[in-house]
file final-v3.txt (compact mmCIF, C-alpha atoms)
# COMPACT_ATOMS: atom_id res chain seq x y z
CA MET A 5 0.00 0.00 0.00
CA THR A 6 1.31 3.44 -0.92
CA VAL A 7 2.01 5.64 2.10
CA GLN A 8 -0.28 8.53 3.03
CA TYR A 9 2.46 10.52 4.76
CA SER A 10 2.60 14.08 3.38
CA VAL A 11 6.02 14.51 1.79
CA THR A 12 7.18 18.11 1.49
CA GLY A 13 10.03 19.97 -0.19
CA ALA A 14 10.92 21.84 -3.35
CA GLY A 15 14.39 20.42 -4.04
CA ALA A 16 15.86 16.91 -4.08
CA GLU A 17 17.62 17.35 -0.73
CA SER A 18 14.58 18.78 1.05
CA ILE A 19 12.27 16.08 -0.35
CA ALA A 20 14.71 13.38 0.77
CA ALA A 21 14.99 15.01 4.21
CA SER A 22 11.19 15.03 4.54
CA ILE A 23 11.00 11.31 3.79
CA GLU A 24 13.87 10.57 6.21
CA ALA A 25 12.00 12.50 8.90
CA GLY A 26 8.94 10.33 8.27
CA ILE A 27 11.06 7.20 8.68
CA SER A 28 12.66 8.48 11.89
CA ASP A 29 9.27 9.44 13.35
CA GLY A 30 7.78 6.04 12.54
CA LEU A 31 5.26 7.53 10.11
CA LEU A 32 6.76 5.64 7.16
CA ALA A 33 6.80 1.98 8.07
CA PRO A 34 9.32 -0.52 6.63
CA GLY A 35 8.05 -1.90 3.34
CA SER A 36 5.77 1.07 2.63
CA ALA A 37 5.72 2.16 -1.01
CA LEU A 38 6.60 5.75 -1.81
CA PRO A 39 4.45 7.54 -4.39
CA PRO A 40 5.42 7.08 -8.05
CA ILE A 41 7.82 9.78 -9.21
CA ARG A 42 5.38 11.61 -11.48
CA GLU A 43 2.59 11.46 -8.91
CA LEU A 44 4.75 13.00 -6.16
CA ALA A 45 6.15 15.57 -8.60
CA GLY A 46 2.58 16.65 -9.39
CA ARG A 47 1.71 16.97 -5.70
CA LEU A 48 4.79 19.07 -4.97
CA ALA A 49 4.67 21.03 -8.23
CA VAL A 50 8.26 20.14 -9.08
CA ASN A 51 9.99 18.54 -12.06
CA PRO A 52 9.87 14.69 -11.99
CA ASN A 53 13.68 14.72 -12.28
CA THR A 54 13.80 16.43 -8.87
CA VAL A 55 11.80 13.63 -7.24
CA ALA A 56 13.92 11.03 -9.04
CA ALA A 57 17.05 12.70 -7.65
CA ALA A 58 15.54 12.67 -4.14
CA TYR A 59 14.80 8.95 -4.42
CA ARG A 60 18.37 8.34 -5.60
CA LEU A 61 19.71 10.18 -2.56
CA LEU A 62 17.56 8.03 -0.28
CA ARG A 63 18.69 4.86 -2.00
CA ASP A 64 22.34 5.87 -1.72
CA ARG A 65 21.80 6.49 2.01
CA GLY A 66 20.23 3.07 2.46
CA ALA A 67 16.80 4.40 3.44
CA VAL A 68 14.83 3.02 0.48
CA GLU A 69 15.17 0.29 -2.11
CA THR A 70 13.92 -0.04 -5.66
CA ALA A 71 11.71 -3.09 -6.06
CA GLY A 72 11.08 -3.16 -9.82
CA ARG A 73 7.38 -3.00 -10.62
CA ARG A 74 6.65 -2.66 -6.90
CA GLY A 75 8.22 0.79 -7.03
CA THR A 76 10.38 2.46 -4.40
CA ARG A 77 9.86 1.23 -0.85
CA ILE A 78 11.15 1.97 2.64
CA ARG A 79 13.84 -0.57 3.51
CA ASP A 80 13.00 -3.17 6.10
CA ARG A 81 15.93 -1.91 8.20
CA PRO A 82 16.99 1.57 7.06
CA ALA A 83 20.76 1.99 7.31
CA THR A 84 20.20 5.11 9.38
CA THR A 85 18.95 2.80 12.16
CA PRO A 86 21.76 0.24 12.53
CA ARG A 87 20.46 -3.22 13.35
CA SER A 88 23.37 -3.79 15.75
CA LEU A 89 22.02 -0.96 17.94
CA ARG A 90 18.38 -2.13 17.99
CA GLY A 91 17.17 -3.63 21.31
CA LEU A 92 18.25 -5.07 23.77
CA THR A 93 17.50 -3.43 27.07
CA VAL A 94 19.10 -5.93 29.41
CA PRO A 95 17.40 -6.01 32.83
CA ALA A 96 19.51 -5.67 35.96
CA GLY A 97 20.90 -9.01 37.13
CA VAL A 98 20.64 -10.67 33.72
CA ARG A 99 23.86 -12.27 32.41
CA ASP A 100 24.50 -10.54 29.07
CA LEU A 101 25.75 -12.92 26.36
CA SER A 102 24.50 -10.84 23.44
CA THR A 103 27.35 -8.41 22.72
CA GLY A 104 29.79 -10.20 20.41
CA ASN A 105 32.74 -8.63 22.26
CA PRO A 106 35.98 -10.37 23.23
CA ASN A 107 36.75 -10.76 26.93
CA PRO A 108 38.61 -7.61 28.15
CA ALA A 109 40.60 -9.67 30.65
CA LEU A 110 42.01 -11.77 27.78
CA LEU A 111 43.23 -8.81 25.68
CA PRO A 112 46.98 -8.16 25.86
CA ILE A 113 46.44 -4.40 25.51
CA ALA A 114 45.18 -4.38 29.11
CA GLY A 115 48.65 -5.08 30.52
CA ALA A 116 50.84 -3.61 27.81
CA ARG A 117 53.50 -1.04 28.66
CA LEU A 118 53.81 1.07 25.56
CA SER A 119 56.48 3.73 25.38
CA PRO A 120 58.38 3.44 22.07
CA PRO A 121 60.39 6.38 20.76
CA VAL A 122 58.38 8.41 18.25
CA THR A 123 59.72 9.07 14.75
CA PRO A 124 57.64 11.77 13.06
CA VAL A 125 55.79 10.69 9.94
CA LEU A 126 55.22 13.53 7.47
CA TYR A 127 52.98 14.12 4.48
CA GLY A 128 54.05 12.19 1.41
CA GLN A 129 55.65 9.31 3.29
CA PRO A 130 54.44 5.70 2.80
CA PRO A 131 51.02 5.09 4.40
CA VAL A 132 52.02 1.65 5.69
CA SER A 133 54.78 1.34 8.27
CA PRO A 134 57.64 -0.78 6.82
CA GLU A 135 57.81 -2.79 10.05
CA LEU A 136 54.08 -3.52 9.96
CA ALA A 137 54.23 -4.37 6.25
CA ASP A 138 57.08 -6.85 6.77
CA HIS A 139 55.34 -8.60 9.65
CA ALA A 140 51.95 -8.61 7.90
CA ARG A 141 53.33 -10.02 4.66
CA ALA A 142 55.09 -12.82 6.47
CA ALA A 143 51.97 -13.73 8.47
CA LEU A 144 49.57 -13.54 5.53
CA GLU A 145 51.80 -15.44 3.13
CA ALA A 146 52.28 -18.17 5.75
CA ASP A 147 48.48 -18.54 5.64
CA GLY A 148 48.39 -18.76 1.85
CA VAL A 149 47.37 -15.14 1.14
CA ALA A 150 49.42 -13.19 -1.41
CA ALA A 151 50.46 -9.93 0.24
CA GLU A 152 52.56 -8.06 -2.30
CA HIS A 153 50.03 -5.23 -2.28
CA LEU A 154 48.95 -3.98 1.16
CA ALA A 155 46.89 -1.22 2.72
CA VAL A 156 46.02 -0.43 6.33
CA THR A 157 42.52 0.70 7.27
CA SER A 158 40.63 1.73 10.41
CA GLY A 159 39.12 -1.69 11.07
CA ALA A 160 37.55 -4.41 8.95
CA LEU A 161 34.35 -2.57 8.06
CA ASP A 162 36.34 0.44 6.85
CA ALA A 163 38.36 -1.87 4.59
CA ILE A 164 35.26 -3.56 3.20
CA GLU A 165 33.56 -0.23 2.53
CA ARG A 166 36.59 1.15 0.70
CA VAL A 167 36.91 -1.94 -1.50
CA LEU A 168 33.20 -1.97 -2.35
CA ALA A 169 33.29 1.74 -3.19
CA ALA A 170 36.34 1.17 -5.38
CA HIS A 171 34.50 -1.29 -7.62
CA LEU A 172 30.70 -1.01 -7.29
CA ARG A 173 27.91 1.50 -7.84
CA PRO A 174 24.52 1.84 -6.13
CA GLY A 175 22.13 -0.82 -7.38
CA ASP A 176 24.80 -3.49 -7.86
CA ARG A 177 24.06 -6.88 -6.27
CA VAL A 178 26.32 -8.31 -3.56
CA ALA A 179 26.27 -11.90 -2.29
CA VAL A 180 26.54 -12.09 1.51
CA GLU A 181 26.13 -14.79 4.13
CA ASP A 182 22.70 -15.31 5.67
CA PRO A 183 22.67 -15.04 8.63
CA GLY A 184 25.46 -12.49 8.40
CA TRP A 185 27.28 -9.65 10.13
CA ALA A 186 24.72 -6.98 11.02
CA ASN A 187 27.09 -4.05 10.42
CA LEU A 188 27.92 -5.33 6.96
CA LEU A 189 24.24 -5.60 6.05
CA ASP A 190 23.74 -2.01 7.21
CA LEU A 191 26.77 -0.87 5.22
CA LEU A 192 25.45 -2.44 2.03
CA GLY A 193 22.16 -0.65 2.54
CA ALA A 194 23.91 2.67 3.13
CA LEU A 195 25.88 2.22 -0.10
CA GLY A 196 22.69 1.50 -2.04
CA LEU A 197 23.79 -2.06 -2.87
CA VAL A 198 21.33 -4.94 -3.25
CA VAL A 199 21.82 -7.96 -1.00
CA GLU A 200 21.75 -11.49 -2.42
CA PRO A 201 21.68 -13.99 0.51
CA VAL A 202 23.90 -17.08 0.60
CA GLY A 203 23.19 -19.76 3.18
CA GLY A 204 25.89 -21.50 5.16
CA ASP A 205 26.73 -24.18 7.68
CA ASP A 206 29.64 -24.91 10.02
CA ASP A 207 31.96 -25.42 7.01
CA GLY A 208 31.21 -22.07 5.38
CA PRO A 209 28.98 -20.71 2.59
CA LEU A 210 26.95 -23.31 0.71
CA VAL A 211 28.37 -23.99 -2.75
CA ALA A 212 24.95 -24.30 -4.42
CA ASP A 213 23.81 -20.99 -2.90
CA LEU A 214 26.91 -19.16 -4.10
CA ALA A 215 26.53 -20.65 -7.58
CA ARG A 216 22.90 -19.46 -7.67
CA ALA A 217 23.93 -15.96 -6.56
CA LEU A 218 26.58 -15.80 -9.31
CA ARG A 219 24.00 -16.85 -11.90
CA ARG A 220 21.79 -14.01 -10.69
CA GLY A 221 24.49 -11.54 -11.67
CA VAL A 222 26.06 -10.44 -8.37
CA ARG A 223 28.96 -8.03 -8.84
CA ALA A 224 30.65 -8.91 -5.55
CA VAL A 225 30.85 -11.69 -2.96
CA VAL A 226 31.66 -11.05 0.71
CA VAL A 227 32.50 -14.10 2.82
CA THR A 228 33.93 -14.75 6.28
CA SER A 229 36.97 -17.04 6.43
CA ARG A 230 36.32 -18.27 9.97
CA ALA A 231 34.53 -17.21 13.16
CA GLN A 232 31.55 -16.24 11.02
CA ASN A 233 29.36 -13.77 12.86
CA PRO A 234 26.81 -14.77 14.10
CA SER A 235 27.03 -18.52 13.39
CA GLY A 236 30.63 -19.41 14.28
CA GLY A 237 31.13 -21.17 10.93
CA ALA A 238 34.57 -21.58 9.36
CA MET A 239 35.53 -22.62 5.85
CA SER A 240 36.90 -26.15 5.76
CA ALA A 241 39.59 -27.11 3.27
CA GLN A 242 37.06 -29.07 1.19
CA ARG A 243 34.47 -26.28 1.16
CA ALA A 244 37.09 -23.67 0.29
CA ALA A 245 38.25 -25.77 -2.68
CA ALA A 246 34.69 -26.13 -3.94
CA LEU A 247 34.02 -22.40 -3.56
CA ARG A 248 37.23 -21.54 -5.38
CA ALA A 249 36.14 -23.75 -8.28
CA VAL A 250 32.76 -22.01 -8.52
CA LEU A 251 34.34 -18.55 -8.37
CA ALA A 252 36.96 -19.49 -10.99
CA GLU A 253 34.16 -20.25 -13.45
CA THR A 254 32.98 -16.62 -13.35
CA GLY A 255 35.77 -15.52 -15.67
CA ASN A 256 36.93 -12.73 -13.33
CA ASP A 257 33.61 -10.90 -13.51
CA VAL A 258 33.09 -10.74 -9.74
CA LEU A 259 34.82 -8.96 -6.84
CA LEU A 260 35.73 -11.22 -3.90
CA ILE A 261 36.10 -9.82 -0.38
CA GLU A 262 37.20 -12.17 2.39
CA ASP A 263 36.92 -11.16 6.05
CA ASP A 264 39.29 -12.74 8.59
CA HIS A 265 38.21 -10.59 11.55
CA CYS A 266 39.03 -13.12 14.27
CA ALA A 267 42.59 -14.07 13.33
CA GLY A 268 44.56 -15.22 16.34
CA VAL A 269 41.60 -16.39 18.41
CA ALA A 270 39.39 -18.16 15.83
CA GLY A 271 40.36 -21.62 17.03
CA VAL A 272 40.63 -23.17 13.54
CA ALA A 273 43.03 -23.00 10.61
CA LEU A 274 42.53 -20.58 7.71
CA HIS A 275 41.56 -21.87 4.26
CA PRO A 276 41.49 -18.73 2.11
CA LEU A 277 39.83 -18.05 -1.22
CA ALA A 278 42.01 -15.00 -1.90
CA GLY A 279 43.39 -14.62 -5.42
CA VAL A 280 41.02 -16.97 -7.23
CA VAL A 281 39.53 -14.05 -9.23
CA ARG A 282 41.18 -10.96 -10.69
CA ASP A 283 39.66 -8.42 -8.28
CA TRP A 284 39.95 -9.54 -4.68
CA ALA A 285 40.60 -8.31 -1.15
CA PHE A 286 41.52 -10.11 2.05
CA VAL A 287 40.85 -8.26 5.30
CA ARG A 288 42.47 -9.17 8.62
CA SER A 289 41.49 -7.18 11.70
CA VAL A 290 43.33 -7.07 15.03
CA ALA A 291 40.22 -6.12 17.04
CA LYS A 292 39.10 -9.50 18.39
CA ALA A 293 42.57 -10.70 19.40
CA TYR A 294 44.17 -7.47 20.62
CA GLY A 295 41.29 -5.10 21.37
CA PRO A 296 38.54 -3.25 19.48
CA ASP A 297 40.11 0.14 20.28
CA LEU A 298 43.04 -0.80 18.05
CA ARG A 299 41.21 0.48 14.98
CA LEU A 300 43.41 -1.32 12.49
CA ALA A 301 42.96 -3.93 9.79
CA LEU A 302 45.34 -5.24 7.14
CA LEU A 303 44.06 -5.23 3.57
CA ALA A 304 45.76 -7.41 0.97
CA GLY A 305 44.52 -7.62 -2.59
CA ASP A 306 45.20 -7.28 -6.27
CA ARG A 307 47.22 -4.27 -7.34
CA ARG A 308 44.32 -2.32 -8.87
CA THR A 309 42.12 -2.70 -5.78
CA ILE A 310 44.85 -1.68 -3.33
CA GLU A 311 45.87 1.30 -5.48
CA ARG A 312 42.27 2.50 -5.57
CA VAL A 313 42.01 2.21 -1.79
CA HIS A 314 45.26 4.13 -1.29
CA GLY A 315 44.09 6.81 -3.69
CA ARG A 316 40.79 7.32 -1.87
CA GLN A 317 42.53 7.36 1.52
CA ARG A 318 44.78 10.17 0.31
CA LEU A 319 41.67 12.28 -0.26
CA GLY A 320 40.30 11.56 3.21
CA PRO A 321 42.16 10.40 6.32
CA GLY A 322 45.46 10.11 4.44
CA TRP A 323 46.68 7.11 6.39
CA VAL A 324 46.16 5.20 9.62
CA SER A 325 48.44 6.75 12.26
CA HIS A 326 51.90 5.21 12.36
CA LEU A 327 51.73 5.54 16.14
CA LEU A 328 48.86 3.05 16.08
CA GLN A 329 50.66 0.86 13.55
CA ASP A 330 53.73 0.81 15.80
CA VAL A 331 51.60 -0.22 18.79
CA VAL A 332 50.23 -3.16 16.80
CA VAL A 333 53.69 -4.23 15.64
CA GLY A 334 54.89 -4.02 19.25
CA MET A 335 52.02 -6.27 20.34
CA TRP A 336 52.81 -8.80 17.61
CA ARG A 337 56.45 -8.93 18.70
CA ASP A 338 55.76 -9.07 22.43
CA ARG A 339 56.07 -12.60 23.80
CA LYS A 340 53.69 -11.96 26.67
CA ALA A 341 51.06 -10.61 24.31
CA THR A 342 51.52 -13.62 22.04
CA ARG A 343 50.98 -15.97 24.99
CA LEU A 344 47.86 -14.07 26.06
CA VAL A 345 46.37 -14.32 22.57
CA ALA A 346 47.08 -18.06 22.54
CA ASP A 347 45.50 -18.38 26.00
CA ALA A 348 42.44 -16.45 24.82
CA GLU A 349 42.04 -18.74 21.81
CA ALA A 350 42.22 -21.79 24.08
CA VAL A 351 39.62 -20.36 26.49
CA TYR A 352 37.23 -19.38 23.70
CA THR A 353 37.57 -22.80 22.08
CA ASP A 354 36.94 -24.57 25.39
CA ARG A 355 33.84 -22.51 26.25
CA ARG A 356 32.37 -22.76 22.76
CA THR A 357 32.98 -26.51 22.48
CA ARG A 358 31.62 -27.27 25.94
CA LEU A 359 28.50 -25.18 25.44
CA CYS A 360 27.72 -26.87 22.11
CA ALA A 361 28.27 -30.28 23.75
CA ALA A 362 26.02 -29.36 26.67
CA LEU A 363 23.29 -28.26 24.27
CA ALA A 364 23.68 -31.47 22.25
CA ASP A 365 23.30 -33.48 25.48
CA ARG A 366 19.94 -31.76 25.91
CA GLY A 367 18.87 -32.57 22.37
CA LEU A 368 19.39 -29.05 20.98
CA ALA A 369 21.00 -28.10 17.67
CA CYS A 370 23.88 -25.64 17.78
CA ARG A 371 26.39 -24.05 15.41
CA GLY A 372 29.75 -22.72 16.56
CA ARG A 373 32.90 -24.27 15.10
CA SER A 374 35.06 -21.18 15.62
CA GLY A 375 35.27 -17.69 17.10
CA LEU A 376 33.35 -15.98 19.88
CA ASN A 377 29.74 -16.85 19.08
CA VAL A 378 27.31 -19.75 19.05
CA TRP A 379 24.14 -19.84 16.95
CA ILE A 380 21.10 -21.74 18.18
CA PRO A 381 18.11 -22.32 15.87
CA VAL A 382 14.82 -21.51 17.60
CA PRO A 383 11.19 -21.65 16.44
CA ASP A 384 10.35 -18.23 17.89
CA GLU A 385 13.07 -15.66 18.64
CA SER A 386 10.89 -13.38 20.76
CA ALA A 387 9.69 -16.23 22.96
CA ALA A 388 13.20 -17.64 23.40
CA ILE A 389 14.72 -14.23 24.24
CA THR A 390 11.93 -13.43 26.71
CA ARG A 391 12.23 -16.78 28.50
CA LEU A 392 16.01 -16.46 28.72
CA PHE A 393 15.62 -12.97 30.18
CA ALA A 394 13.33 -14.41 32.83
CA ALA A 395 15.96 -17.05 33.62
CA GLY A 396 18.69 -14.39 33.95
CA TRP A 397 20.38 -14.61 30.54
CA ALA A 398 20.52 -12.23 27.56
CA ALA A 399 21.10 -13.42 24.00
CA ALA A 400 21.10 -11.48 20.74
CA PRO A 401 17.99 -12.02 18.58
CA GLY A 402 18.73 -13.52 15.20
CA SER A 403 16.61 -10.92 13.41
CA ARG A 404 19.59 -8.55 13.60
CA PHE A 405 21.58 -10.87 11.37
CA ARG A 406 19.07 -12.63 9.13
CA ILE A 407 17.87 -11.82 5.63
CA GLY A 408 15.69 -14.83 4.84
CA SER A 409 17.22 -17.63 6.90
CA PRO A 410 15.28 -19.37 9.72
CA PRO A 411 15.07 -17.85 13.23
CA GLY A 412 17.86 -18.25 15.76
CA ILE A 413 19.64 -16.58 18.66
CA ARG A 414 23.30 -15.69 19.09
CA LEU A 415 25.25 -16.25 22.30
CA THR A 416 28.70 -14.72 22.85
CA ILE A 417 30.89 -17.11 24.85
CA SER A 418 33.94 -14.88 25.34
CA ASP A 419 33.49 -14.24 29.07
CA LEU A 420 31.29 -17.23 29.85
CA ALA A 421 32.64 -19.04 32.94
CA ALA A 422 32.98 -22.82 32.87
CA ALA A 423 30.64 -23.13 35.84
CA GLU A 424 27.95 -21.22 33.93
CA ILE A 425 27.77 -23.59 30.98
CA GLY A 426 25.47 -26.19 32.57
CA PRO A 427 22.96 -23.67 33.98
CA LEU A 428 22.96 -21.77 30.68
CA ALA A 429 22.30 -24.93 28.67
CA ASP A 430 19.45 -25.81 31.06
CA ALA A 431 17.96 -22.34 30.65
CA ILE A 432 18.14 -22.58 26.86
CA ALA A 433 16.52 -26.01 26.90
CA ASP A 434 13.75 -24.71 29.16
CA SER A 435 13.23 -21.65 26.95
CA LEU A 436 12.71 -23.85 23.89
CA GLY A 437 10.75 -26.61 25.58
CA GLY A 438 7.76 -24.71 26.96
CA THR A 439 4.70 -24.01 24.88
CA GLY A 440 3.40 -21.14 27.02
CA THR A 441 -0.26 -20.20 27.34
CA VAL A 442 -2.43 -21.29 24.47
CA SER A 443 -4.05 -18.36 22.63
CA VAL A 444 -7.45 -18.67 20.97

call {"tool": "encode", "arguments": {"input": "final-v3.txt", "output": "structure tokens"}}
result
Amino acid sequence: MTVQYSVTGAGAESIAASIEAGISDGLLAPGSALPPIRELAGRLAVNPNTVAAAYRLLRDRGAVETAGRRGTRIRDRPATTPRSLRGLTVPAGVRDLSTGNPNPALLPIAGARLSPPVTPVLYGQPPVSPELADHARAALEADGVAAEHLAVTSGALDAIERVLAAHLRPGDRVAVEDPGWANLLDLLGALGLVVEPVGGDDDGPLVADLARALRRGVRAVVVTSRAQNPSGGAMSAQRAAALRAVLAETGNDVLLIEDDHCAGVAGVALHPLAGVVRDWAFVRSVAKAYGPDLRLALLAGDRRTIERVHGRQRLGPGWVSHLLQDVVVGMWRDRKATRLVADAEAVYTDRRTRLCAALADRGLACRGRSGLNVWIPVPDESAAITRLFAAGWAAAPGSRFRIGSPPGIRLTISDLAAAEIGPLADAIADSLGGTGTVSV
């Protein structure tokens, strides 16, 4: 049904601002159709090109989507309202396992003593510290990722955004995992890109789903190497080989972006896809292993992609501070920090494995082969979340992460104590076992 909200404005920007205000005020509901361009132009007494420009602005900002014959509609989750910030109000006394954060006590930055001598870096000097580049190349190439061409960005999402912007235009289709990283889904909406969902399991994206997405004409594919958020999946060697074969058949007509955000604490080996197509990027963040406040990610890729990223950085932030790069290199070289990262990986693996085993003992399905999160399929997310709240536990609702995949909830195990695993598994079993009051 076409919305009845009274859009105002005489120029493209003011018309777009009026529609955004309606979205923010809840007067334009998700899925509502905006008036056809000529109809709205007649109401506002403006040229149809002005309304078309306003709709393009809204699409570029991720507020609306073009649905073919169904016209222009308000997005289900406008990018101006990030899904990762929606809900949850966790009641006092409830154990919060919904955040997706690493355990602060297991981050080496907490005990680091950082006082290196500072060498000034001036305009025109290389954006990547030579020390960081040397260490990064050695680490990436040991994992099978070509690292001749490198960039440094302010975190994984910054890297992904810059690579997408270097190759795609609004309206292009992008294959992403479903369920997938909430911030990535919001980013794609903000860039005006169209999402094509790809299902997955514990061994990574499903080959048949990726093949279908490629047949549908996606311009880019974004996958998670391991510690997939929210499901904890990780690409096995066999799955990676099958995915590489499917991608190789595209004839280099697709951009591949691979996200290794949990390197160091993922708990499984890396089986990369990097380099199988002409245009590719491999992103490795330090946030989960060393601390989210270290806003740094390594970006390896083909020469053209990395050159485009460097060029765009020069017109914006210039480079990621060498002071921050030096801190990261110091952490990589520090033996105590290395031991702490290894200890964190062991703790996360133990908690994740034991929780999945406890759930299996209670007859419940669970996904979580790597990383910080466990995904539990549920018939009704709202009922499961509410019952867990009542039992003193908070989980993240799967709706934040899903496109069309079945319901589920995400639990973050990073600071889950061993003694809590049994009671938590009991609470989850109870939350899924009750039928509640029958409604008629």

call {"tool": "closest_residue", "arguments": {"input": "final-v3.txt", "among": "A:Ala398, A:Ala301, A:Val149, A:Val269", "to": "Leu428 of chain A", "atoms": "all atoms listed in the file"}}
result
A:Ala398

call {"tool": "closest_residue", "arguments": {"input": "final-v3.txt", "among": "A:Ala241, A:Val378, A:Leu210, A:Ala194", "to": "Ser418 of chain A", "atoms": "all atoms listed in the file"}}
result
A:Val378

call {"tool": "axis_aligned_box", "arguments": {"input": "final-v3.txt", "around": "segment 38-57 of chain A", "padding_each_side": "4 Å", "output": "JSON"}}
result
{"center_x": 9.4, "center_y": 13.4, "center_z": -7.0, "size_x": 23.3, "size_y": 23.3, "size_z": 18.5}

call {"tool": "atom_distance", "arguments": {"input": "final-v3.txt", "atom1": "atom CA of Asp263 of chain A", "atom2": "atom CA of Leu247 of chain A"}}
result
15.1 Å

call {"tool": "atom_distance", "arguments": {"input": "final-v3.txt", "atom1": "atom CA of Ala16 of chain A", "atom2": "atom CA of Asn53 of chain A"}}
result
8.8 Å

call {"tool": "closest_residue", "arguments": {"input": "final-v3.txt", "among": "A:Ala212, A:Ala388, A:Ala429, A:Val332", "to": "Gly367 of chain A", "atoms": "all atoms listed in the file"}}
result
A:Ala429

call {"tool": "residues_around", "arguments": {"input": "final-v3.txt", "residues": "segment 100-112 of chain A", "least_positions_apart": "5", "cutoff": "10 Å", "atoms": "only C-alpha atoms", "output": "PyMOL selection string"}}
result
chain A and resi 88+92+94-95+233-234+266+269+291-296+335+338+340-349+351-352+375-378+393+396-401+413-420

call {"tool": "closest_atom_pairs", "arguments": {"input": "final-v3.txt", "of": "segment 122-202 of chain A", "to": "segment 217-221 of chain A", "cutoff": "10 Å", "atoms": "all atoms listed in the file", "output": "tab-separated table"}}
result
residue	atom	partner	partner_atom	distance
A:Asp176	CA	A:Gly221	CA	8.9
A:Arg177	CA	A:Gly221	CA	7.1
A:Val178	CA	A:Ala217	CA	8.6
A:Ala179	CA	A:Ala217	CA	6.3
A:Val180	CA	A:Ala217	CA	9.3
A:Val199	CA	A:Ala217	CA	10.0
A:Glu200	CA	A:Ala217	CA	6.5
A:Pro201	CA	A:Ala217	CA	7.7
A:Val202	CA	A:Ala217	CA	7.2

call {"tool": "residues_around", "arguments": {"input": "final-v3.txt", "residues": "Phe286 of chain A", "least_positions_apart": "2", "cutoff": "6 Å", "atoms": "all atoms listed in the file", "output": "PyMOL selection string"}}
result
chain A and resi 261-262+303-304

call {"tool": "residues_around", "arguments": {"input": "final-v3.txt", "residues": "Ala151 of chain A", "least_positions_apart": "6", "cutoff": "8 Å", "atoms": "only C-alpha atoms", "output": "VMD selection string"}}
result
chain A and resid 140 to 141 144 to 145 304 to 305

call {"tool": "write_last_selection", "arguments": {"input": "final-v3.txt", "atoms": "C-alpha atoms", "output": "short mmCIF file (atom, residue, chain, number, x, y, z; two decimals), in the coordinates of the input"}}
result
data_model
loop_
_atom_site.label_atom_id
_atom_site.label_comp_id
_atom_site.auth_asym_id
_atom_site.auth_seq_id
_atom_site.Cartn_x
_atom_site.Cartn_y
_atom_site.Cartn_z
CA ALA A 140 51.95 -8.61 7.90
CA ARG A 141 53.33 -10.02 4.66
CA LEU A 144 49.57 -13.54 5.53
CA GLU A 145 51.80 -15.44 3.13
CA ALA A 304 45.76 -7.41 0.97
CA GLY A 305 44.52 -7.62 -2.59
#

call {"tool": "atom_distance", "arguments": {"input": "final-v3.txt", "atom1": "atom CA of Asp264 of chain A", "atom2": "atom CA of Arg288 of chain A"}}
result
4.8 Å

call {"tool": "residues_near_point", "arguments": {"input": "final-v3.txt", "point": "(23.2, -21.5, 8.6)", "cutoff": "9 Å", "atoms": "all atoms listed in the file", "output": "PyMOL selection string"}}
result
chain A and resi 181-183+203-206+208-210+235+237+371+379+381+409-410

call {"tool": "closest_residue", "arguments": {"input": "final-v3.txt", "among": "A:Arg173, A:Leu188, A:Gly15, A:Arg166", "to": "Gly315 of chain A", "atoms": "all atoms listed in the file"}}
result
A:Arg166

call {"tool": "closest_residue", "arguments": {"input": "final-v3.txt", "among": "A:Asp434, A:Glu24, A:Glu165, A:Asp29", "to": "Ile78 of chain A", "atoms": "all atoms listed in the file"}}
result
A:Glu24

call {"tool": "residues_near_point", "arguments": {"input": "final-v3.txt", "point": "(6.2, 19.3, -3.5)", "cutoff": "12 Å", "atoms": "all atoms listed in the file", "output": "JSON, numbers by chain"}}
result
{"A": [10, 11, 12, 13, 14, 15, 16, 17, 18, 19, 20, 22, 23, 39, 41, 42, 43, 44, 45, 46, 47, 48, 49, 50, 51, 52, 54, 55, 58]}

call {"tool": "closest_residue", "arguments": {"input": "final-v3.txt", "among": "A:Gly26, A:Pro124, A:Gly255, A:Gly175", "to": "Gly66 of chain A", "atoms": "all atoms listed in the file"}}
result
A:Gly175

call {"tool": "residues_around", "arguments": {"input": "final-v3.txt", "residues": "Tyr127 of chain A", "least_positions_apart": "3", "cutoff": "12 Å", "atoms": "all atoms listed in the file", "output": "MDAnalysis selection string"}}
result
chainID A and resid 124 130:131 318 321:323 325:326

call {"tool": "residues_around", "arguments": {"input": "final-v3.txt", "residues": "Ala245 of chain A", "least_positions_apart": "2", "cutoff": "12 Å", "atoms": "all atoms listed in the file", "output": "PyMOL selection string"}}
result
chain A and resi 207-209+211+239-243+247-252+275-278+280

call {"tool": "write_last_selection", "arguments": {"input": "final-v3.txt", "atoms": "C-alpha atoms", "output": "compact mmCIF listing (two decimals), in the coordinates of the input"}}
result
# COMPACT_ATOMS: atom_id res chain seq x y z
CA ASP A 207 31.96 -25.42 7.01
CA GLY A 208 31.21 -22.07 5.38
CA PRO A 209 28.98 -20.71 2.59
CA VAL A 211 28.37 -23.99 -2.75
CA MET A 239 35.53 -22.62 5.85
CA SER A 240 36.90 -26.15 5.76
CA ALA A 241 39.59 -27.11 3.27
CA GLN A 242 37.06 -29.07 1.19
CA ARG A 243 34.47 -26.28 1.16
CA LEU A 247 34.02 -22.40 -3.56
CA ARG A 248 37.23 -21.54 -5.38
CA ALA A 249 36.14 -23.75 -8.28
CA VAL A 250 32.76 -22.01 -8.52
CA LEU A 251 34.34 -18.55 -8.37
CA ALA A 252 36.96 -19.49 -10.99
CA HIS A 275 41.56 -21.87 4.26
CA PRO A 276 41.49 -18.73 2.11
CA LEU A 277 39.83 -18.05 -1.22
CA ALA A 278 42.01 -15.00 -1.90
CA VAL A 280 41.02 -16.97 -7.23
